[in-house]
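Visitor: Sending over a structure as structure tokens; questions will come in a sec.
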Amino acid sequence: MDLPPYATLGQKIWHYGFLVICGLIFFFLIAPIMVIIPLSFNAEDFFTFTPEMLAFDPEGYSLKHYRDFFTNPDWQQALWNSVKIAPAATFLSVTLGTLAAIGLSQDHVPFRRAIMAILISPMIVPLIISAAGMYFFYSRIGLQGTYLGVVLAHAALGIPFVIITVTATLVGFDRSLTRASASLGADPVTTFFKVQMPLILPGVISGGLFAFITSFDEVVVVLFVGSANQQTLPWQMFTGLREQISPTILAVATILVVISIALLTTVEILRRRSEKIRGMSPG
Amino acid sequence: MTASTDDAFVVFDRVQKSYDGETLVVKDLNLSIGKGEFLTMLGPSGSGKTTCLMMLAGFETATHGDILLDGQPINNIPPHKRGIGMVFQNYALFPHMTVAENLAFPLEVRNIGKSEREAKVRRALDMVQMGDFGGRRPAQLSGGQQQRIALARALVFEPELVLMDEPLGALDKQLREHMQFEITRLAHNLGITTVYVTHDQTEALTMSDRVAVFDDGRIQQLAPPDELYEQPKNSFVAQFIGENNTLMGTVKEINDGVALVELDDGELIDAKPVNVAEPGERTLVSIRPERVEISKDRLSPDAHLIHAEVLEFIYMGDIYRTRLRVAGNEDFVIKTRNAPDQPRLKPGEKLEIGWLPEDCRALDA
């Protein structure tokens, strides 16, 4: 990022101005999240920094909100519900989304763009509208308030991510590889699992992680489609905010942030790995 | 060499192909390929040659007609059950597998045991002189090495028929010439039938037993390389294969297999009538640059000579290339060997040139 020696005054001003703008953007994005983390160690039951905390007095900090999260049966039930729902929804999203992406990448499929738009629509339609629609639809067919209903609803929200990431991987996929596989005697199923799947796996996994995070963080749809038995972590946080303002929410939020960061790091590592394979591949 | 339909290994029987239901990309293709033959499909892009190869491989379906492999129609057999080896233009090696795994793949899907598999893989790698590269990934190999692996992979399961779709297109000239030799040697040693697609006429001439020249969805000529070069059957083949001088004229008379052609500027020349029949017909007269004679003593005394003026002389080392104006054509090229008795012509020089009637072919205009 060093300026070349021939930079004019204008270029210098722009260069530093640009750095300031970037810094502001990062601050704007990250500050609200970063504030939560120290507050979650608050020794008091408040959402504000106490004088002890500001003085970095160890007395001002405690793990009591984390303890509360791990011992309170409401939170534990919510965590358990989330852990039951998110992987199931992710599995459905990945399976269906990958198949859809592969199907939609074939030239001979009619109305590909229209089908793609419909499948992506949960990402574009305001969530509250999808949620309300699902509520009425699922009530009619007896899925409202069931575990399966919430899983299906979350799968529908996750599928667009999988379709988008897998489609992006398929753009770089060399169609002659599947032909080569067929010419070598492999039937279509073997070709899919031995040749196509390993090569698009990074896209499938990143799509799956996005789908997982979507389900794990989702509150609107689960409020509509779920019942008390499907109270997930975000739902519990939402009611917690409304009913008893407890910093336990901040502890949970911190845990969720850490999980998200871990998952996104995984995505990034996978992306680099796939780039390495593709960057070195012929053509 | 020409295989009859009875003992032919591959037969295209009145095959047509259309992608949109209206225009035919392949029009009425009839072709028999003998067992062990090396046949090249040569043609400009869009001539239908690759479509024919893809129909044989099973990646495209014929709109009409039958394709037979060893006497059996294969129209309804999916590609993975045809047992045809194929080398792709971009090699199509599996990037996530090592070289050895790539070669083992066709053996694995055929449920061949581990020890036999390893032996076959090793033999195939040795065959293309890549024995030490089994543990590498395709991305770690050069283009020529990848080409060898692709070839080994197409041969490792011992198919009787191998298809090659412009396999040398991405290699540099020297490597390409070397690989041409390697591929023909392997194909002949193993006795496999090879169908090779290319748009490079040198490749077609040097490698093939027979060449099928494609244009406009039809085979324009099917012949061994020498016949193709020396006796092109129509003006497309004459102009597509090798360098060629063309003169436009009208047939005056045809006697004893020699046509007297009046060129457009009134000069008279002798030519061999190929696909002209009647006096008065328009004709395109074709003659190879190396068959033009500039010294009269090599021609028969009653040969018709034609006036020419030197426009340009290019020294090319082994040959001289001289550009002439002949009968109004300013791109008439002759090639002479660089030998002590051959004159170096100078621009502006006037001379008379001629040729043996059989080297000069009167074709359709």
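Lettering and numbering for the structure tokens are positional, with chains as A, B, ... in the shown order, residues counted from 1 in each chain, and ligands counted from 1 in the shown order.
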May I have the residues within 9 Å of region 231-243 of chain B as a PyMOL selection string, using only C-alpha atoms and disregarding those fewer than 2 positions away in the same chain?

Guide: chain B and resi 43-44+201-202+205+213-215+220-221+226-229+245-246+274-275+284-289+333+359+361-365

Visitor: Produce a table with one row for each residue of chain B that has an atom at most 9 Å from any atom of chain A, each row naming the nearest atom pair and its distance in Å at one decimal; use only C-alpha atoms; arrange rows by chain and rising residue number; format as JSON lines.

Guide:
{"residue": "B:Ala57", "atom": "CA", "partner": "A:Ser183", "partner_atom": "CA", "distance": 7.3}
{"residue": "B:Gly58", "atom": "CA", "partner": "A:Ser183", "partner_atom": "CA", "distance": 8.7}
{"residue": "B:Phe59", "atom": "CA", "partner": "A:Arg179", "partner_atom": "CA", "distance": 7.5}
{"residue": "B:Pro78", "atom": "CA", "partner": "A:Ala182", "partner_atom": "CA", "distance": 8.7}
{"residue": "B:Pro79", "atom": "CA", "partner": "A:Ala182", "partner_atom": "CA", "distance": 5.9}
{"residue": "B:His80", "atom": "CA", "partner": "A:Gly185", "partner_atom": "CA", "distance": 4.2}
{"residue": "B:Lys81", "atom": "CA", "partner": "A:Gly185", "partner_atom": "CA", "distance": 6.1}
{"residue": "B:Arg82", "atom": "CA", "partner": "A:Ser183", "partner_atom": "CA", "distance": 7.7}
{"residue": "B:Gly83", "atom": "CA", "partner": "A:Gly185", "partner_atom": "CA", "distance": 6.5}
{"residue": "B:Ile84", "atom": "CA", "partner": "A:Ser183", "partner_atom": "CA", "distance": 6.2}
{"residue": "B:Gly85", "atom": "CA", "partner": "A:Ser183", "partner_atom": "CA", "distance": 6.1}
{"residue": "B:Met86", "atom": "CA", "partner": "A:Ser183", "partner_atom": "CA", "distance": 6.3}
{"residue": "B:Val87", "atom": "CA", "partner": "A:Ala180", "partner_atom": "CA", "distance": 8.0}
{"residue": "B:Phe88", "atom": "CA", "partner": "A:Ser176", "partner_atom": "CA", "distance": 7.5}
{"residue": "B:Asn90", "atom": "CA", "partner": "A:Gly283", "partner_atom": "CA", "distance": 6.9}
{"residue": "B:Tyr91", "atom": "CA", "partner": "A:Pro282", "partner_atom": "CA", "distance": 8.5}
{"residue": "B:Ala92", "atom": "CA", "partner": "A:Leu177", "partner_atom": "CA", "distance": 5.1}
{"residue": "B:Leu93", "atom": "CA", "partner": "A:Leu177", "partner_atom": "CA", "distance": 7.0}
{"residue": "B:Phe94", "atom": "CA", "partner": "A:Leu177", "partner_atom": "CA", "distance": 6.7}
{"residue": "B:Pro95", "atom": "CA", "partner": "A:Ser281", "partner_atom": "CA", "distance": 6.0}
{"residue": "B:His96", "atom": "CA", "partner": "A:Leu199", "partner_atom": "CA", "distance": 7.0}
{"residue": "B:Phe105", "atom": "CA", "partner": "A:Leu184", "partner_atom": "CA", "distance": 7.5}
{"residue": "B:Pro106", "atom": "CA", "partner": "A:Leu184", "partner_atom": "CA", "distance": 4.9}
{"residue": "B:Leu107", "atom": "CA", "partner": "A:Leu184", "partner_atom": "CA", "distance": 8.5}
{"residue": "B:Val109", "atom": "CA", "partner": "A:Ala186", "partner_atom": "CA", "distance": 5.8}
{"residue": "B:Arg110", "atom": "CA", "partner": "A:Gly185", "partner_atom": "CA", "distance": 7.4}
{"residue": "B:Pro138", "atom": "CA", "partner": "A:Ser281", "partner_atom": "CA", "distance": 7.1}
{"residue": "B:Ala139", "atom": "CA", "partner": "A:Ser281", "partner_atom": "CA", "distance": 4.8}
{"residue": "B:Gln140", "atom": "CA", "partner": "A:Met280", "partner_atom": "CA", "distance": 7.5}
{"residue": "B:Gly143", "atom": "CA", "partner": "A:Pro282", "partner_atom": "CA", "distance": 8.3}
{"residue": "B:Gln146", "atom": "CA", "partner": "A:Pro282", "partner_atom": "CA", "distance": 8.9}
{"residue": "B:Arg153", "atom": "CA", "partner": "A:Leu184", "partner_atom": "CA", "distance": 8.2}
{"residue": "B:Ala154", "atom": "CA", "partner": "A:Leu184", "partner_atom": "CA", "distance": 7.2}
{"residue": "B:Phe157", "atom": "CA", "partner": "A:Leu184", "partner_atom": "CA", "distance": 8.0}

Visitor: Produce a file of the selected residues containing C-alpha atoms, as a short mmCIF file (atom, residue, chain, number, x, y, z; two decimals), in the first residue's frame.

Guide:
data_model
loop_
_atom_site.label_atom_id
_atom_site.label_comp_id
_atom_site.auth_asym_id
_atom_site.auth_seq_id
_atom_site.Cartn_x
_atom_site.Cartn_y
_atom_site.Cartn_z
CA ALA B 57 -18.52 -41.77 -28.56
CA GLY B 58 -22.18 -41.57 -27.61
CA PHE B 59 -22.24 -37.97 -26.38
CA PRO B 78 -24.95 -45.20 -23.45
CA PRO B 79 -21.38 -43.87 -23.68
CA HIS B 80 -20.12 -45.66 -20.58
CA LYS B 81 -21.09 -49.06 -22.01
CA ARG B 82 -19.45 -48.59 -25.40
CA GLY B 83 -15.93 -49.39 -24.26
CA ILE B 84 -14.40 -46.77 -26.52
CA GLY B 85 -11.25 -44.99 -25.35
CA MET B 86 -11.18 -41.25 -25.86
CA VAL B 87 -8.55 -38.53 -25.72
CA PHE B 88 -9.95 -35.04 -25.28
CA ASN B 90 -8.00 -30.39 -23.12
CA TYR B 91 -6.89 -33.86 -21.87
CA ALA B 92 -9.72 -33.96 -19.25
CA LEU B 93 -7.53 -35.52 -16.59
CA PHE B 94 -9.20 -35.63 -13.17
CA PRO B 95 -7.42 -32.88 -11.22
CA HIS B 96 -8.21 -34.32 -7.79
CA PHE B 105 -10.11 -45.24 -12.67
CA PRO B 106 -11.33 -47.16 -15.76
CA LEU B 107 -10.01 -50.37 -14.21
CA VAL B 109 -15.12 -49.19 -12.50
CA ARG B 110 -14.57 -52.52 -14.27
CA PRO B 138 -2.01 -33.56 -13.38
CA ALA B 139 -1.47 -29.90 -12.47
CA GLN B 140 2.19 -30.66 -11.77
CA GLY B 143 1.16 -30.00 -21.42
CA GLN B 146 -0.54 -34.45 -19.54
CA ARG B 153 -5.63 -43.49 -19.66
CA ALA B 154 -7.56 -43.97 -22.90
CA PHE B 157 -8.43 -50.60 -20.32
#

Visitor: Quick one: residues within 8 Å of Ala104 (chain B), only C-alpha atoms, excluding same-chain residues fewer than 6 positions away - as a PyMOL selection string?

Guide: chain B and resi 117-118+121

Visitor: Output N, CA and C atoms of each residue in that selection to a file, as a short mmCIF file (atom, residue, chain, number, x, y, z; two decimals), in the first residue's frame.

Guide:
data_model
loop_
_atom_site.label_atom_id
_atom_site.label_comp_id
_atom_site.auth_asym_id
_atom_site.auth_seq_id
_atom_site.Cartn_x
_atom_site.Cartn_y
_atom_site.Cartn_z
N ARG B 117 -4.66 -54.36 -11.45
CA ARG B 117 -4.84 -52.95 -11.75
C ARG B 117 -3.48 -52.24 -11.73
N GLU B 118 -2.74 -52.50 -10.64
CA GLU B 118 -1.45 -51.83 -10.51
C GLU B 118 -0.51 -52.22 -11.64
N VAL B 121 -1.60 -50.38 -14.78
CA VAL B 121 -1.28 -48.96 -14.71
C VAL B 121 0.20 -48.75 -14.99
#

Visitor: Could you pull out all residues of region 97-260 of chain B with a DSSP call of alpha helix (DSSP H) and give them as an NGL selection string?

Guide: :B and (99-108 or 114-127 or 143-155 or 173-190 or 201-207 or 225-230 or 235-240)

Visitor: When you look at region 148-160 of chain A with a cut-off of 7 Å (counting only C-alpha atoms), what residues show up, excluding the ones that are within fewer than 3 positions of it in the same chain? I need them as an MDAnalysis selection string.

Guide: chainID A and resid 85 88:90 92:94 97 119:120 122:123 143:145 163:164 211 214:215 222 225:226
